[in-house]
>>> print(open('entry.tsv').read())   # TSV, C-alpha atoms (C1' of nucleotides)
chain	number	residue	atom	x	y	z
A	1	MET	CA	40.66	38.22	8.92
A	2	THR	CA	43.54	40.37	7.87
A	3	SER	CA	46.35	40.71	10.33
A	4	SER	CA	49.79	42.13	10.62
A	5	THR	CA	51.43	38.90	11.64
A	6	VAL	CA	53.80	36.61	9.89
A	7	HIS	CA	52.51	33.20	8.82
A	8	LEU	CA	54.06	30.27	10.62
A	9	THR	CA	54.60	27.31	8.32
A	10	GLY	CA	55.27	23.60	8.59
A	11	PRO	CA	56.53	22.50	11.98
A	12	LEU	CA	56.41	26.09	13.19
A	13	GLU	CA	52.66	26.26	12.79
A	14	ARG	CA	51.94	25.28	16.37
A	15	ARG	CA	53.93	28.03	17.99
A	16	ASP	CA	53.82	26.45	21.40
A	17	ASP	CA	55.59	23.35	20.13
A	18	TRP	CA	58.92	25.00	19.45
A	19	ARG	CA	61.29	27.14	21.43
A	20	ALA	CA	62.81	30.19	19.85
A	21	SER	CA	66.26	29.05	20.91
A	22	GLY	CA	67.62	29.55	17.43
A	23	CYS	CA	66.08	32.97	17.17
A	24	THR	CA	68.76	35.21	15.75
A	25	ILE	CA	67.00	38.29	17.06
A	26	ALA	CA	67.88	37.12	20.55
A	27	ALA	CA	71.36	36.18	19.39
A	28	ALA	CA	71.89	39.63	17.92
A	29	LEU	CA	70.62	41.25	21.09
A	30	ASP	CA	73.02	39.22	23.19
A	31	VAL	CA	75.86	40.77	21.22
A	32	VAL	CA	74.72	44.35	20.72
A	33	GLY	CA	71.58	44.61	22.80
A	34	LYS	CA	72.75	47.31	25.15
A	35	ARG	CA	71.79	50.88	24.76
A	36	SER	CA	75.42	51.97	24.93
A	37	SER	CA	76.40	49.55	22.17
A	38	PHE	CA	73.84	51.11	19.86
A	39	LEU	CA	75.07	54.59	20.68
A	40	LEU	CA	78.71	53.67	20.14
A	41	LEU	CA	77.86	52.17	16.79
A	42	ARG	CA	75.94	55.29	15.89
A	43	GLU	CA	79.04	57.34	16.56
A	44	ALA	CA	81.17	54.94	14.56
A	45	PHE	CA	78.87	55.66	11.61
A	46	TYR	CA	79.18	59.37	12.36
A	47	GLY	CA	82.92	59.02	12.03
A	48	ALA	CA	84.27	58.49	15.53
A	49	THR	CA	87.40	56.38	15.75
A	50	ARG	CA	89.11	57.41	18.98
A	51	PHE	CA	88.28	56.46	22.53
A	52	ASP	CA	87.71	59.99	23.73
A	53	GLU	CA	85.51	60.79	20.75
A	54	PHE	CA	83.26	57.88	21.59
A	55	VAL	CA	83.13	58.90	25.23
A	56	ARG	CA	82.34	62.56	24.60
A	57	ARG	CA	79.82	62.01	21.84
A	58	THR	CA	77.81	59.24	23.36
A	59	GLU	CA	77.93	60.82	26.81
A	60	ILE	CA	78.54	57.51	28.46
A	61	SER	CA	81.21	57.08	31.09
A	62	GLU	CA	84.76	56.00	30.34
A	63	PRO	CA	84.52	52.62	32.06
A	64	ALA	CA	81.28	51.83	30.26
A	65	ALA	CA	82.69	52.94	26.93
A	66	ALA	CA	85.85	50.89	27.44
A	67	ALA	CA	83.85	47.79	28.32
A	68	ARG	CA	81.42	48.21	25.46
A	69	LEU	CA	84.14	48.94	22.89
A	70	ARG	CA	86.01	45.84	23.97
A	71	GLU	CA	82.80	43.88	23.60
A	72	LEU	CA	82.12	45.27	20.13
A	73	VAL	CA	85.67	44.44	19.06
A	74	GLY	CA	85.27	40.96	20.51
A	75	ALA	CA	81.98	40.50	18.68
A	76	GLY	CA	83.60	41.62	15.45
A	77	LEU	CA	81.65	44.81	14.78
A	78	LEU	CA	84.63	47.05	15.36
A	79	GLU	CA	88.30	46.41	14.89
A	80	ARG	CA	91.27	48.15	16.37
A	81	GLU	CA	93.46	50.08	14.06
A	82	ASP	CA	96.14	52.14	15.64
A	83	TYR	CA	96.72	55.60	14.30
A	84	ARG	CA	99.33	58.23	14.80
A	85	GLU	CA	98.84	61.94	14.56
A	86	PRO	CA	101.90	64.07	13.77
A	87	GLY	CA	103.83	64.80	16.92
A	88	GLN	CA	101.76	62.32	18.85
A	89	ARG	CA	102.37	58.82	19.91
A	90	THR	CA	100.61	55.88	18.36
A	91	ARG	CA	97.13	55.47	19.76
A	92	PRO	CA	94.45	52.85	19.37
A	93	GLY	CA	91.54	53.51	17.09
A	94	TYR	CA	88.31	51.72	16.35
A	95	ARG	CA	86.92	51.13	12.91
A	96	LEU	CA	83.80	49.44	11.61
A	97	THR	CA	84.20	45.97	10.19
A	98	ASP	CA	81.91	44.40	7.61
A	99	ALA	CA	79.79	43.03	10.44
A	100	GLY	CA	79.60	46.52	11.90
A	101	ARG	CA	78.67	48.08	8.60
A	102	GLU	CA	75.91	45.56	8.09
A	103	PHE	CA	74.36	46.75	11.31
A	104	PHE	CA	73.55	50.04	9.64
A	105	PRO	CA	69.99	49.15	8.58
A	106	VAL	CA	69.09	48.38	12.18
A	107	LEU	CA	70.28	51.80	13.33
A	108	VAL	CA	68.49	53.57	10.53
A	109	GLY	CA	65.39	51.56	11.33
A	110	LEU	CA	65.50	52.64	14.94
A	111	GLN	CA	66.09	56.23	13.94
A	112	ARG	CA	63.18	56.24	11.54
A	113	TRP	CA	60.89	54.59	14.05
A	114	GLY	CA	61.97	57.11	16.66
A	115	ASP	CA	61.37	59.94	14.19
A	116	ARG	CA	57.80	58.87	13.76
A	117	TRP	CA	56.85	57.58	17.18
A	118	ALA	CA	59.22	58.69	19.88
A	119	THR	CA	59.78	62.41	19.48
A	120	GLU	CA	58.09	64.75	21.85
A	121	SER	CA	60.46	67.67	21.76
A	122	GLY	CA	61.44	68.45	18.22
A	123	ASP	CA	64.70	70.13	19.10
A	124	GLY	CA	67.92	69.37	17.34
A	125	ARG	CA	66.44	66.76	15.10
A	126	VAL	CA	68.54	65.38	12.30
A	127	ALA	CA	67.83	63.32	9.22
A	128	LEU	CA	69.69	61.20	6.75
A	129	ARG	CA	69.45	62.21	3.12
A	130	HIS	CA	70.80	60.67	-0.02
A	131	ARG	CA	73.77	62.76	-1.15
A	132	GLY	CA	72.98	64.70	-4.29
A	133	CYS	CA	69.47	63.35	-4.62
A	134	GLY	CA	68.59	64.91	-1.28
A	135	GLU	CA	65.72	62.59	-0.48
A	136	ARG	CA	65.24	61.24	3.00
A	137	VAL	CA	66.05	57.61	3.59
A	138	ASP	CA	64.08	54.81	5.13
A	139	VAL	CA	64.44	51.10	5.67
A	140	VAL	CA	62.23	48.71	3.82
A	141	VAL	CA	61.69	45.00	4.12
A	142	ARG	CA	62.15	43.43	0.74
A	143	CYS	CA	62.48	39.96	-0.66
A	144	ALA	CA	65.36	38.83	-2.83
A	145	ALA	CA	63.15	39.12	-5.89
A	146	GLY	CA	62.63	42.79	-5.13
A	147	HIS	CA	59.13	42.75	-3.70
A	148	GLU	CA	58.51	45.09	-0.83
A	149	VAL	CA	56.66	43.13	1.83
A	150	GLU	CA	54.49	43.54	4.89
A	151	PRO	CA	54.54	41.10	7.83
A	152	ASP	CA	51.36	39.57	6.48
A	153	ASP	CA	53.11	38.71	3.18
A	154	LEU	CA	55.66	36.55	4.93
A	155	ASP	CA	56.08	32.93	5.85
A	156	LEU	CA	58.29	31.88	8.69
A	157	THR	CA	60.03	28.71	7.55
A	158	VAL	CA	62.54	26.29	8.98
A	159	LEU	CA	65.97	26.51	7.42
A	160	PRO	CA	67.83	23.37	6.41
A	161	ARG	CA	70.73	22.65	8.74
A	162	ARG	CA	73.87	24.35	7.58
A	163	ARG	CA	77.06	22.42	7.23
A	164	SER	CA	79.34	23.93	9.85
B	1	MET	CA	89.88	57.95	1.55
B	2	THR	CA	86.76	55.92	1.20
B	3	SER	CA	84.91	55.17	4.38
B	4	SER	CA	81.72	53.65	5.62
B	5	THR	CA	80.61	56.69	7.53
B	6	VAL	CA	77.81	59.13	7.00
B	7	HIS	CA	78.73	62.67	5.96
B	8	LEU	CA	77.97	65.33	8.53
B	9	THR	CA	76.74	68.52	6.92
B	10	GLY	CA	76.26	72.16	7.86
B	11	PRO	CA	76.27	72.83	11.58
B	12	LEU	CA	76.71	69.12	12.24
B	13	GLU	CA	80.09	69.06	10.57
B	14	ARG	CA	82.00	69.62	13.78
B	15	ARG	CA	80.65	66.64	15.63
B	16	ASP	CA	81.97	67.80	18.96
B	17	ASP	CA	79.95	71.00	18.75
B	18	TRP	CA	76.54	69.37	19.08
B	19	ARG	CA	74.98	66.94	21.45
B	20	ALA	CA	72.92	64.09	20.14
B	21	SER	CA	70.07	65.03	22.45
B	22	GLY	CA	67.57	64.92	19.61
B	23	CYS	CA	68.87	61.57	18.45
B	24	THR	CA	65.84	59.48	17.78
B	25	ILE	CA	67.87	56.29	18.03
B	26	ALA	CA	68.28	57.02	21.72
B	27	ALA	CA	64.62	58.02	21.96
B	28	ALA	CA	63.55	54.75	20.36
B	29	LEU	CA	65.81	52.78	22.68
B	30	ASP	CA	64.32	54.50	25.70
B	31	VAL	CA	60.95	53.14	24.67
B	32	VAL	CA	61.78	49.67	23.39
B	33	GLY	CA	65.44	49.22	24.24
B	34	LYS	CA	65.07	46.23	26.51
B	35	ARG	CA	65.75	42.75	25.39
B	36	SER	CA	62.37	41.58	26.65
B	37	SER	CA	60.57	44.29	24.69
B	38	PHE	CA	62.14	43.07	21.48
B	39	LEU	CA	61.20	39.49	22.25
B	40	LEU	CA	57.61	40.39	23.10
B	41	LEU	CA	57.29	42.32	19.86
B	42	ARG	CA	58.72	39.36	17.99
B	43	GLU	CA	55.98	37.18	19.43
B	44	ALA	CA	53.36	39.77	18.59
B	45	PHE	CA	54.48	39.46	14.97
B	46	TYR	CA	54.36	35.68	15.32
B	47	GLY	CA	50.75	35.99	16.35
B	48	ALA	CA	50.71	36.05	20.13
B	49	THR	CA	47.88	38.05	21.67
B	50	ARG	CA	47.37	36.59	25.13
B	51	PHE	CA	49.38	37.11	28.27
B	52	ASP	CA	50.26	33.49	28.76
B	53	GLU	CA	51.28	33.10	25.12
B	54	PHE	CA	53.75	35.93	25.51
B	55	VAL	CA	55.10	34.48	28.73
B	56	ARG	CA	55.54	30.93	27.42
B	57	ARG	CA	56.95	31.87	24.06
B	58	THR	CA	59.45	34.48	25.10
B	59	GLU	CA	60.45	32.46	28.16
B	60	ILE	CA	60.57	35.54	30.31
B	61	SER	CA	59.00	35.61	33.76
B	62	GLU	CA	55.44	36.70	34.40
B	63	PRO	CA	56.35	39.84	36.32
B	64	ALA	CA	58.77	40.92	33.60
B	65	ALA	CA	56.24	40.19	30.87
B	66	ALA	CA	53.50	42.09	32.68
B	67	ALA	CA	55.74	45.12	33.19
B	68	ARG	CA	57.02	45.10	29.65
B	69	LEU	CA	53.58	44.63	28.10
B	70	ARG	CA	52.24	47.51	30.11
B	71	GLU	CA	55.18	49.58	28.92
B	72	LEU	CA	54.60	48.66	25.29
B	73	VAL	CA	50.92	49.52	25.59
B	74	GLY	CA	51.86	52.81	27.23
B	75	ALA	CA	54.33	53.57	24.47
B	76	GLY	CA	51.69	52.81	21.88
B	77	LEU	CA	53.21	49.77	20.19
B	78	LEU	CA	50.56	47.42	21.49
B	79	GLU	CA	46.97	48.03	22.38
B	80	ARG	CA	44.65	46.05	24.55
B	81	GLU	CA	41.76	44.35	22.92
B	82	ASP	CA	39.75	42.05	25.07
B	83	TYR	CA	38.64	38.77	23.62
B	84	ARG	CA	36.30	36.06	24.67
B	85	GLU	CA	36.57	32.40	23.85
B	86	PRO	CA	33.36	30.39	23.90
B	87	GLY	CA	32.58	29.26	27.40
B	88	GLN	CA	35.28	31.48	28.80
B	89	ARG	CA	35.14	34.83	30.41
B	90	THR	CA	36.36	37.97	28.69
B	91	ARG	CA	40.12	38.25	28.84
B	92	PRO	CA	42.57	40.94	27.88
B	93	GLY	CA	44.51	40.63	24.67
B	94	TYR	CA	47.33	42.56	23.09
B	95	ARG	CA	47.46	43.61	19.48
B	96	LEU	CA	49.99	45.52	17.41
B	97	THR	CA	49.21	49.13	16.65
B	98	ASP	CA	50.50	51.06	13.64
B	99	ALA	CA	53.49	52.11	15.72
B	100	GLY	CA	54.10	48.48	16.60
B	101	ARG	CA	53.79	47.34	13.01
B	102	GLU	CA	56.27	49.97	11.89
B	103	PHE	CA	58.80	48.45	14.21
B	104	PHE	CA	58.92	45.39	11.98
B	105	PRO	CA	61.90	46.49	9.86
B	106	VAL	CA	64.01	46.84	13.00
B	107	LEU	CA	63.22	43.28	14.07
B	108	VAL	CA	63.89	41.91	10.62
B	109	GLY	CA	67.13	43.88	10.53
B	110	LEU	CA	68.25	42.36	13.81
B	111	GLN	CA	67.25	38.91	12.65
B	112	ARG	CA	69.15	39.24	9.40
B	113	TRP	CA	72.21	40.62	11.15
B	114	GLY	CA	72.03	37.79	13.65
B	115	ASP	CA	71.68	35.28	10.80
B	116	ARG	CA	74.90	36.48	9.30
B	117	TRP	CA	77.03	37.34	12.30
B	118	ALA	CA	75.69	35.88	15.50
B	119	THR	CA	74.96	32.23	14.87
B	120	GLU	CA	77.26	29.64	16.27
B	121	SER	CA	74.94	26.73	16.64
B	122	GLY	CA	72.80	26.35	13.58
B	123	ASP	CA	70.01	24.49	15.33
B	124	GLY	CA	66.40	25.38	14.87
B	125	ARG	CA	67.08	28.29	12.60
B	126	VAL	CA	64.20	29.95	10.88
B	127	ALA	CA	63.85	32.39	8.02
B	128	LEU	CA	61.28	34.76	6.61
B	129	ARG	CA	60.24	34.19	3.04
B	130	HIS	CA	57.92	36.07	0.76
B	131	ARG	CA	54.70	34.08	0.48
B	132	GLY	CA	54.31	32.56	-2.93
B	133	CYS	CA	57.49	34.00	-4.30
B	134	GLY	CA	59.47	32.06	-1.70
B	135	GLU	CA	62.47	34.34	-1.65
B	136	ARG	CA	64.15	35.28	1.59
B	137	VAL	CA	63.69	38.78	2.83
B	138	ASP	CA	66.13	41.40	3.92
B	139	VAL	CA	66.07	45.00	4.99
B	140	VAL	CA	67.55	47.67	2.79
B	141	VAL	CA	68.23	51.33	3.33
B	142	ARG	CA	66.65	53.28	0.54
B	143	CYS	CA	65.93	56.90	-0.24
B	144	ALA	CA	62.49	58.21	-1.13
B	145	ALA	CA	63.52	58.34	-4.77
B	146	GLY	CA	64.17	54.62	-4.68
B	147	HIS	CA	67.95	54.55	-4.55
B	148	GLU	CA	69.49	51.91	-2.37
B	149	VAL	CA	72.19	53.57	-0.32
B	150	GLU	CA	75.28	52.85	1.74
B	151	PRO	CA	76.30	54.92	4.78
B	152	ASP	CA	78.86	56.66	2.61
B	153	ASP	CA	76.10	57.88	0.24
B	154	LEU	CA	74.35	59.74	3.01
B	155	ASP	CA	74.36	63.22	4.45
B	156	LEU	CA	73.28	63.86	7.98
B	157	THR	CA	71.33	67.12	7.92
B	158	VAL	CA	69.51	69.30	10.39
B	159	LEU	CA	65.74	69.19	10.11
B	160	PRO	CA	63.73	72.38	10.20
B	161	ARG	CA	61.82	72.75	13.46
B	162	ARG	CA	58.44	71.16	13.24
B	163	ARG	CA	55.37	73.05	14.25
B	164	SER	CA	54.04	71.18	17.25
C	1	DC	C1'	114.05	64.94	33.74
C	2	DA	C1'	109.26	66.23	35.02
C	3	DC	C1'	105.03	67.01	32.83
C	4	DC	C1'	101.12	66.32	29.97
C	5	DT	C1'	97.64	63.93	27.35
C	6	DG	C1'	94.91	60.11	25.82
C	7	DA	C1'	93.49	55.77	27.00
C	8	DC	C1'	92.42	53.39	29.82
C	9	DT	C1'	91.70	50.36	34.84
C	10	DG	C1'	89.96	49.74	39.70
C	11	DA	C1'	86.87	50.33	43.52
C	12	DA	C1'	82.61	51.50	45.49
C	13	DG	C1'	77.95	52.60	45.19
C	14	DT	C1'	73.33	53.05	42.62
C	15	DT	C1'	69.89	51.67	39.69
C	16	DG	C1'	67.19	48.66	37.33
C	17	DA	C1'	65.96	44.49	34.97
C	18	DA	C1'	65.48	39.97	35.64
C	19	DC	C1'	64.21	35.91	38.48
C	20	DA	C1'	61.40	32.72	41.71
C	21	DT	C1'	57.76	32.13	44.67
C	22	DA	C1'	53.47	33.08	46.31
C	23	DG	C1'	49.29	35.44	46.55
C	24	DT	C1'	45.15	37.87	44.46
C	25	DC	C1'	41.13	38.44	41.68
C	26	DA	C1'	37.34	37.74	38.32
C	27	DG	C1'	34.16	34.94	36.46
C	28	DA	C1'	32.50	30.62	34.30
C	29	DA	C1'	31.84	25.60	35.61
C	30	DG	C1'	30.19	22.27	38.62
D	1	DC	C1'	29.35	28.14	47.16
D	2	DT	C1'	33.63	26.12	45.95
D	3	DT	C1'	36.83	25.23	42.38
D	4	DC	C1'	39.52	26.23	38.52
D	5	DT	C1'	41.93	28.99	35.19
D	6	DG	C1'	44.11	32.93	33.19
D	7	DA	C1'	45.99	37.11	34.24
D	8	DC	C1'	48.03	39.22	36.75
D	9	DT	C1'	50.47	41.64	41.54
D	10	DA	C1'	53.62	41.57	45.61
D	11	DT	C1'	57.82	40.54	47.71
D	12	DG	C1'	62.41	39.66	48.00
D	13	DT	C1'	66.65	38.65	45.84
D	14	DT	C1'	70.26	38.32	42.39
D	15	DC	C1'	72.91	40.19	38.84
D	16	DA	C1'	74.29	43.24	35.35
D	17	DA	C1'	75.17	47.85	33.83
D	18	DC	C1'	76.23	52.24	34.65
D	19	DT	C1'	77.94	55.98	37.51
D	20	DT	C1'	81.66	58.80	39.91
D	21	DC	C1'	86.12	59.35	41.47
D	22	DA	C1'	90.66	58.23	41.54
D	23	DG	C1'	94.65	56.08	39.85
D	24	DT	C1'	97.81	54.07	36.20
D	25	DC	C1'	100.60	53.82	32.19
D	26	DA	C1'	102.94	54.96	27.80
D	27	DG	C1'	105.24	57.97	25.19
D	28	DG	C1'	106.07	62.50	23.24
D	29	DT	C1'	107.13	67.73	24.65
D	30	DG	C1'	109.66	71.34	27.00
>>> encode(input="entry.tsv", output="structure tokens")
Amino acid sequence: MTSSTVHLTGPLERRDDWRASGCTIAAALDVVGKRSSFLLLREAFYGATRFDEFVRRTEISEPAAAARLRELVGAGLLEREDYREPGQRTRPGYRLTDAGREFFPVLVGLQRWGDRWATESGDGRVALRHRGCGERVDVVVRCAAGHEVEPDDLDLTVLPRRRS
Amino acid sequence: MTSSTVHLTGPLERRDDWRASGCTIAAALDVVGKRSSFLLLREAFYGATRFDEFVRRTEISEPAAAARLRELVGAGLLEREDYREPGQRTRPGYRLTDAGREFFPVLVGLQRWGDRWATESGDGRVALRHRGCGERVDVVVRCAAGHEVEPDDLDLTVLPRRRS
DNA sequence: CACCTGACTGAAGTTGAACATAGTCAGAAG
DNA sequence: CTTCTGACTATGTTCAACTTCAGTCAGGTG
């Protein structure tokens, strides 16, 4: 029986015997699980830094954008960096942190999945391409030794407790 | 000025001149953007097929699970496949489709991001490893020519209209 | 000085996603 | 035929997220 599921190992084998309380998918979703957070991050990767840019480009309301931006700063995906345009006063800006940048594969993954499975109307579609090389990009699941893997090639294992 | 943003090209260059209506990130989120959808898909990859398995393992309520499962079937990520255990009547089951399987990189991406940036309490943490090889897995953004890329290495381009 | 702009904040109302509880329904077991 | 179990559905409620509309505040311009 071939399947597309991960293999549960060791104490995880009986799935009903453990709670997914340590599941970092859920933890990640608690931080950035809202639609508007995804869209704001998208715009950060598209170069937005100012409040009004985020508002206009995501088409979410000002109060929602303000709340979400504060949340993303609090969660460490964005940081504030004030800027000053000539003849203007100093204004707050938002910039991706390392944590924010590392969210990029998730966004690209969603985009690619949406490309393949969630497009009815093909209007205004965009794609990411490698500069110079020109090829389209995708996300792949790969092990540290460089093997590209399918769910079926994976074991879910318990991690040793980290020293805090 | 080095940055971690994608390069907008052609008509996309003036970001304020286009709406992200064709953004497939938003399209993907419309389909699977709810926390419970992500958790149900996680359990599908962990091998759940039955209604009560999904309910117990995601710890979401029955009505929410029923609604979300129906939604995922409607969106084509899961399909129903009835099963029958010996001495039991035929019961409905849920199985990943191709569209569901292709969502895997997004889940792994979230998990990896959560591993790195959203874990306070290190209890009960789990990790995916390549079977046999034993190495941990990660998601990488890569172009079709095999180059691993950063946001800064990418152009956002307009796609030619597809024939429907 | 009044005015303007960008970046918010506050209040009120709507929607929707989640919950708990309870009820239904099908079919095999007894 | 009644019981039991798994898979739901129905109802009602809570809570969060988002909306619109209006107001505030800081600081540079005329």
>>> closest_residue(input="entry.tsv", among="B:Val106, B:Val55, B:Glu13, B:Lys34", to="DG16 (chain C)", atoms="all atoms listed in the file")
B:Lys34
>>> atom_distance(input="entry.tsv", atom1="C1' of DA16 (chain D)", atom2="C1' of DT15 (chain C)")
10.5 Å
>>> interface_residues(input="entry.tsv", of="chain C", to="chain A", cutoff="8 Å", atoms="all atoms listed in the file", output="PyMOL selection string")
chain C and resi 6-8
>>> residues_around(input="entry.tsv", residues="DA29 (chain C)", least_positions_apart="2", cutoff="10 Å", atoms="all atoms listed in the file", output="list in words")
Gly87 and Gln88 of chain B; DG27 of chain C; DT3 and DC4 of chain D
>>> write_last_selection(input="entry.tsv", atoms="C-alpha atoms (C1' of nucleotides)", output="short mmCIF file (atom, residue, chain, number, x, y, z; two decimals), keeping the file's coordinate frame")
data_model
loop_
_atom_site.label_atom_id
_atom_site.label_comp_id
_atom_site.auth_asym_id
_atom_site.auth_seq_id
_atom_site.Cartn_x
_atom_site.Cartn_y
_atom_site.Cartn_z
CA GLY B 87 32.58 29.26 27.40
CA GLN B 88 35.28 31.48 28.80
"C1'" DG C 27 34.16 34.94 36.46
"C1'" DT D 3 36.83 25.23 42.38
"C1'" DC D 4 39.52 26.23 38.52
#
>>> residues_around(input="entry.tsv", residues="region 99-102 of chain A", least_positions_apart="4", cutoff="8 Å", atoms="all atoms listed in the file", output="ChimeraX atom specification")
/A:41,76-78 /B:4,113,117
>>> closest_residue(input="entry.tsv", among="C:DT14, C:DG23, C:DT9, C:DG30", to="DC25 (chain D)", atoms="all atoms listed in the file")
C:DT9
>>> closest_atom_pairs(input="entry.tsv", of="chain D", to="chain A", cutoff="7 Å", atoms="only C-alpha atoms (C1' of nucleotides)", output="Markdown table")
| residue | atom | partner | partner_atom | distance |
| --- | --- | --- | --- | --- |
| D:DC18 | C1' | A:Ala64 | CA | 6.7 |
| D:DG27 | C1' | A:Arg89 | CA | 6.1 |
| D:DG28 | C1' | A:Gln88 | CA | 6.2 |
>>> closest_residue(input="entry.tsv", among="A:Gly22, A:Arg14, A:Ala75, A:Arg84", to="chain B", atoms="only C-alpha atoms")
A:Gly22
>>> interface_residues(input="entry.tsv", of="chain A", to="chain B", cutoff="6 Å", atoms="only C-alpha atoms", output="ChimeraX atom specification")
/A:5-6,22,24-25,27-28,45-47,105-106,109-111,114-115,118,123-131,135-144,153-159
>>> decode(input="entry.tsv", residues="region 126-142 of chain B", atoms="N, CA and C atoms", output="compact mmCIF listing (two decimals), in the first residue's frame")
# COMPACT_ATOMS: atom_id res chain seq x y z
N VAL B 126 8.38 17.86 17.40
CA VAL B 126 8.59 16.78 16.45
C VAL B 126 9.31 17.33 15.22
N ALA B 127 9.89 16.44 14.45
CA ALA B 127 10.59 16.88 13.25
C ALA B 127 10.43 15.85 12.15
N LEU B 128 10.47 16.31 10.93
CA LEU B 128 10.44 15.42 9.78
C LEU B 128 11.88 15.09 9.38
N ARG B 129 12.09 13.82 9.15
CA ARG B 129 13.41 13.38 8.68
C ARG B 129 13.25 12.48 7.46
N HIS B 130 14.24 12.54 6.61
CA HIS B 130 14.25 11.68 5.43
C HIS B 130 14.46 10.25 5.91
N ARG B 131 13.58 9.36 5.47
CA ARG B 131 13.69 7.95 5.89
C ARG B 131 15.04 7.40 5.44
N GLY B 132 15.67 6.69 6.31
CA GLY B 132 16.94 6.07 5.92
C GLY B 132 18.07 7.05 6.09
N CYS B 133 18.05 8.06 5.32
CA CYS B 133 19.08 9.10 5.38
C CYS B 133 19.09 9.80 6.73
N GLY B 134 17.91 10.02 7.30
CA GLY B 134 17.83 10.55 8.66
C GLY B 134 17.99 12.05 8.80
N GLU B 135 18.27 12.71 7.72
CA GLU B 135 18.47 14.17 7.80
C GLU B 135 17.14 14.90 7.92
N ARG B 136 17.18 16.03 8.58
CA ARG B 136 15.97 16.85 8.69
C ARG B 136 15.64 17.48 7.35
N VAL B 137 14.39 17.78 7.18
CA VAL B 137 13.98 18.36 5.90
C VAL B 137 13.67 19.84 6.05
N ASP B 138 13.69 20.50 4.93
CA ASP B 138 13.40 21.92 4.88
C ASP B 138 12.76 22.22 3.54
N VAL B 139 12.20 23.40 3.41
CA VAL B 139 11.70 23.79 2.10
C VAL B 139 12.63 24.85 1.52
N VAL B 140 12.89 24.72 0.24
CA VAL B 140 13.73 25.71 -0.42
C VAL B 140 13.02 26.24 -1.66
N VAL B 141 13.32 27.49 -1.96
CA VAL B 141 12.78 28.10 -3.16
C VAL B 141 13.83 27.93 -4.25
N ARG B 142 13.40 27.35 -5.35
CA ARG B 142 14.35 26.95 -6.37
C ARG B 142 13.77 27.21 -7.74
